[in-house]
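Visitor: Can you keep this structure in mind? I'll have questions shortly.
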Amino acid sequence: MHKRLILTLCLAATAAIFPASCAHETRVPEQNAGAQEGAEISDAENGDTEAREIDEAKLREFREKENKLLADARYADALDLCLENEMPDEANYIAECVMETQELEDYVRTRLAGDEDSGALRHVENDEVRYALARRLVRDNRPARAREFFPAELLPVFDEYAAAIRDGYNFDLSDEERAKQFWNAAMIVRENGDALFANFSSPDEIARREFVTDDEQARVESRDIRESVITTRRRAATLAQYAASLLPNNDERTARILVCAGMWLKARDAVFADTFYKLLAIRCPKTKNGQRCIELRWFPPETEWTREQVWDGVPEEENPAGDNADTTDPATTNPATATDPTATNEESPEESDAAE
């Protein structure tokens, strides 16, 4: 009896010190924990592989649909497909390089009208398509129709450019006032031309597909953006030429404007720059800037003028040209001397992009 009582008391004391929950607790050996972690990593890798396979399958499906729509010349439907699948590069290619400007405008005015409920990302991509349309309309010399499609932050620059062009063609103003407006427009293009005109897509997108129709190929080739930098510089230089044409011969302001325009072009488009060298030599041979360029037989290698200094004058006229010039070409001799000395470029900025 006493032995049983003592045994019972011992068991009770043991239970109080070591609760039942502890009695059944099991510790996982460290090597088992490592194996479990490795299994989790392996599962994650398998999940990533499956996700990649799904993404690749979706991409293949997208490519097949896109190629079919482009092959059928259903360009608006192809653009829809790109936007719905959040493929901005492909969408930009179709909007900038494939669709005609009128086709793109019709698309924006009909299919992108009232897209507030399309989702945040899709709305951003839709805005990029609108912006592409705005730049194309400006390149096609339809600025009045372009304004509504520009982003709000670019409207001040656009409005300044449009006003300068309008006043430049205002025959009620004096020649000097019109010249100043053309010069202002030239500088706006020089400083902000990409934002207003540039094509940010790439025609190389066409190379990834196995089959391209003749129609698509012709559309892309007609809008090769590799010349976009030169086109913007030519537009700025042509507007500067308009300004100079309204100013007197042998005038330092006329000479400065012609020098600036030539400096913008000389590194990338020497043949067109030679037009401005010849104009300078013929119209302003008695000016300091004209005489220096004639001595160099080309434009100066460096420039230091601001926009205001070109128009208002430079103290002591120590250094011809302006800080807006292209200084990547240090040459001081004319690489275009073999061109026809009577050649000039009289195309207007309203026609230059279409010609190029």
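A note on labels: chains of the structure tokens are A, B, ... as shown, every chain counts residues from 1, and ligands are counted from 1 in their shown order.
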Could you give me, as a list of chain:residue names, the residues within 12 Å of A:Glu176, counting only C-alpha atoms and dropping anything in the same chain fewer than 2 positions from it?
Guide: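 Non-adjacent residues within range: A:Asp167, A:Gly168, A:Asn170, A:Phe171, A:Asp172, A:Leu173, A:Ser174, A:Arg178, A:Ala179, A:Lys180, A:Gln181, A:Phe182, A:Trp183, A:Tyr242, A:Ala243, A:Ala244, A:Ser245, A:Leu246, A:Leu247, A:Pro248, A:Arg253, A:Thr254, A:Trp311.
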Visitor: Within 8 Å of stretch 103-110 of chain A, counting only C-alpha atoms, which residues qualify if same-chain residues fewer than 4 places away don't, as a PyMOL selection string?
Guide: chain A and resi 76+95+99+129-130+133
Visitor: Using only C-alpha atoms, which residue out of A:Asp312, A:Asp269, A:Glu216, A:Glu90 lies closest to A:Thr231?
Guide: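 For A:Thr231, the nearest of the candidates is A:Asp269.
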Visitor: Do a neighbour search on A:Ala71 at 10 Å with only C-alpha atoms, toss out local chain neighbours closer than 6 positions, and write the hits as a ChimeraX atom specification.
Guide: /A:65,78,211-216
Visitor: With only C-alpha atoms as the basis for distance, which of A:Phe158, A:Tyr131, A:Tyr169, A:Tyr93 is at the shortest distance from A:Gly193?
Guide: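 Selected residue with least distance to A:Gly193: A:Phe158.
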Visitor: Do a neighbour search on A:Ala144 at 12 Å with only C-alpha atoms, toss out local chain neighbours closer than 3 positions, and write the hits as a PyMOL selection string.
Guide: chain A and resi 134-135+137-141+147-150+158-159+161-163+165-166
Visitor: Skip A:Glu125 itself and residues of its chain fewer than 3 positions away, then list as a ChimeraX atom specification all residues within 10 Å of it, counting only C-alpha atoms.
Guide: /A:82-84,86-88,91-92,120-122,128-131
Visitor: Go ahead and save the residues from that selection, with N, CA, C and O atoms, as a JSON list (two decimals), in the first residue's frame.
Guide:
```json
[["chain", "number", "residue", "atom", "x", "y", "z"],
["A", 82, "CYS", "N", -1.73, 44.35, -79.25],
["A", 82, "CYS", "CA", -0.52, 44.71, -78.52],
["A", 82, "CYS", "C", -0.85, 45.44, -77.23],
["A", 82, "CYS", "O", -0.24, 45.19, -76.18],
["A", 83, "LEU", "N", -1.81, 46.33, -77.28],
["A", 83, "LEU", "CA", -2.19, 47.08, -76.08],
["A", 83, "LEU", "C", -2.86, 46.17, -75.05],
["A", 83, "LEU", "O", -2.60, 46.27, -73.85],
["A", 84, "GLU", "N", -3.72, 45.27, -75.52],
["A", 84, "GLU", "CA", -4.41, 44.36, -74.61],
["A", 84, "GLU", "C", -3.43, 43.42, -73.91],
["A", 84, "GLU", "O", -3.65, 43.03, -72.76],
["A", 86, "GLU", "N", -0.30, 44.19, -73.25],
["A", 86, "GLU", "CA", 0.73, 45.00, -72.59],
["A", 86, "GLU", "C", 2.10, 44.79, -73.24],
["A", 86, "GLU", "O", 3.10, 44.49, -72.58],
["A", 87, "MET", "N", 2.13, 44.98, -74.55],
["A", 87, "MET", "CA", 3.37, 44.86, -75.34],
["A", 87, "MET", "C", 3.68, 46.24, -75.92],
["A", 87, "MET", "O", 3.37, 46.52, -77.09],
["A", 88, "PRO", "N", 4.26, 47.15, -75.14],
["A", 88, "PRO", "CA", 4.42, 48.54, -75.59],
["A", 88, "PRO", "C", 5.36, 48.71, -76.77],
["A", 88, "PRO", "O", 5.12, 49.57, -77.62],
["A", 91, "ALA", "N", 3.47, 47.76, -79.85],
["A", 91, "ALA", "CA", 2.44, 48.76, -80.10],
["A", 91, "ALA", "C", 3.03, 50.02, -80.70],
["A", 91, "ALA", "O", 2.49, 50.60, -81.65],
["A", 92, "ASN", "N", 4.17, 50.43, -80.18],
["A", 92, "ASN", "CA", 4.83, 51.64, -80.69],
["A", 92, "ASN", "C", 5.29, 51.44, -82.13],
["A", 92, "ASN", "O", 5.20, 52.36, -82.95],
["A", 120, "ALA", "N", -5.05, 51.08, -65.21],
["A", 120, "ALA", "CA", -3.98, 52.09, -65.12],
["A", 120, "ALA", "C", -2.91, 51.88, -66.17],
["A", 120, "ALA", "O", -2.52, 52.81, -66.88],
["A", 121, "LEU", "N", -2.40, 50.62, -66.30],
["A", 121, "LEU", "CA", -1.31, 50.37, -67.23],
["A", 121, "LEU", "C", -1.78, 50.56, -68.66],
["A", 121, "LEU", "O", -1.10, 51.22, -69.48],
["A", 122, "ARG", "N", -2.93, 50.03, -69.01],
["A", 122, "ARG", "CA", -3.46, 50.18, -70.37],
["A", 122, "ARG", "C", -3.70, 51.66, -70.68],
["A", 122, "ARG", "O", -3.45, 52.12, -71.79],
["A", 128, "GLU", "N", 0.52, 56.81, -74.61],
["A", 128, "GLU", "CA", 1.71, 56.78, -75.46],
["A", 128, "GLU", "C", 1.32, 56.73, -76.93],
["A", 128, "GLU", "O", 1.98, 57.33, -77.78],
["A", 129, "VAL", "N", 0.25, 56.02, -77.25],
["A", 129, "VAL", "CA", -0.23, 55.98, -78.63],
["A", 129, "VAL", "C", -0.74, 57.36, -79.04],
["A", 129, "VAL", "O", -0.49, 57.82, -80.16],
["A", 130, "ARG", "N", -1.45, 58.03, -78.15],
["A", 130, "ARG", "CA", -1.91, 59.39, -78.45],
["A", 130, "ARG", "C", -0.72, 60.33, -78.70],
["A", 130, "ARG", "O", -0.76, 61.16, -79.61],
["A", 131, "TYR", "N", 0.30, 60.19, -77.88],
["A", 131, "TYR", "CA", 1.50, 61.04, -78.02],
["A", 131, "TYR", "C", 2.20, 60.75, -79.35],
["A", 131, "TYR", "O", 2.68, 61.66, -80.03]]
```
Visitor: Go through A:Leu59, A:Ala255, A:Val310, A:Leu265 and flag the residue nearest A:Leu279, using only C-alpha atoms for the distances.
Guide: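 Counting only C-alpha atoms, the residue closest to A:Leu279 is A:Ala255.
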Visitor: Which one of A:Lys278, A:Arg256, A:Arg223, A:Arg190 sits closest to A:Ala236 if you count only C-alpha atoms?
Guide: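 Closest to A:Ala236 of all the choices is A:Arg190.
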Visitor: Using only C-alpha atoms for the distances, tell me which of A:Ala237, A:Leu69, A:Ala152, A:Leu112 is nearest to A:Ile257.
Guide: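 Once distances to A:Ile257 are computed over only C-alpha atoms, the minimum belongs to A:Ala237.
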Visitor: Between atom CA of A:Cys284 and atom CA of A:Asn249, what is the spacing in Å?
Guide: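 Separation between atom CA of A:Asn249 and atom CA of A:Cys284: 5.7 Å.
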Visitor: Measuring between only C-alpha atoms, which one of A:Glu177, A:Asp274, A:Glu56, A:Glu61 shows the shortest distance to A:Leu81?
Guide: A:Glu61
Visitor: As a ChimeraX atom specification, please: every residue in stretch 147-226 of chain A that a backbone DSSP assignment puts in helix (DSSP H, G or I).
Guide: /A:147-149,152-168,175-197,203-208,214-222,225-226
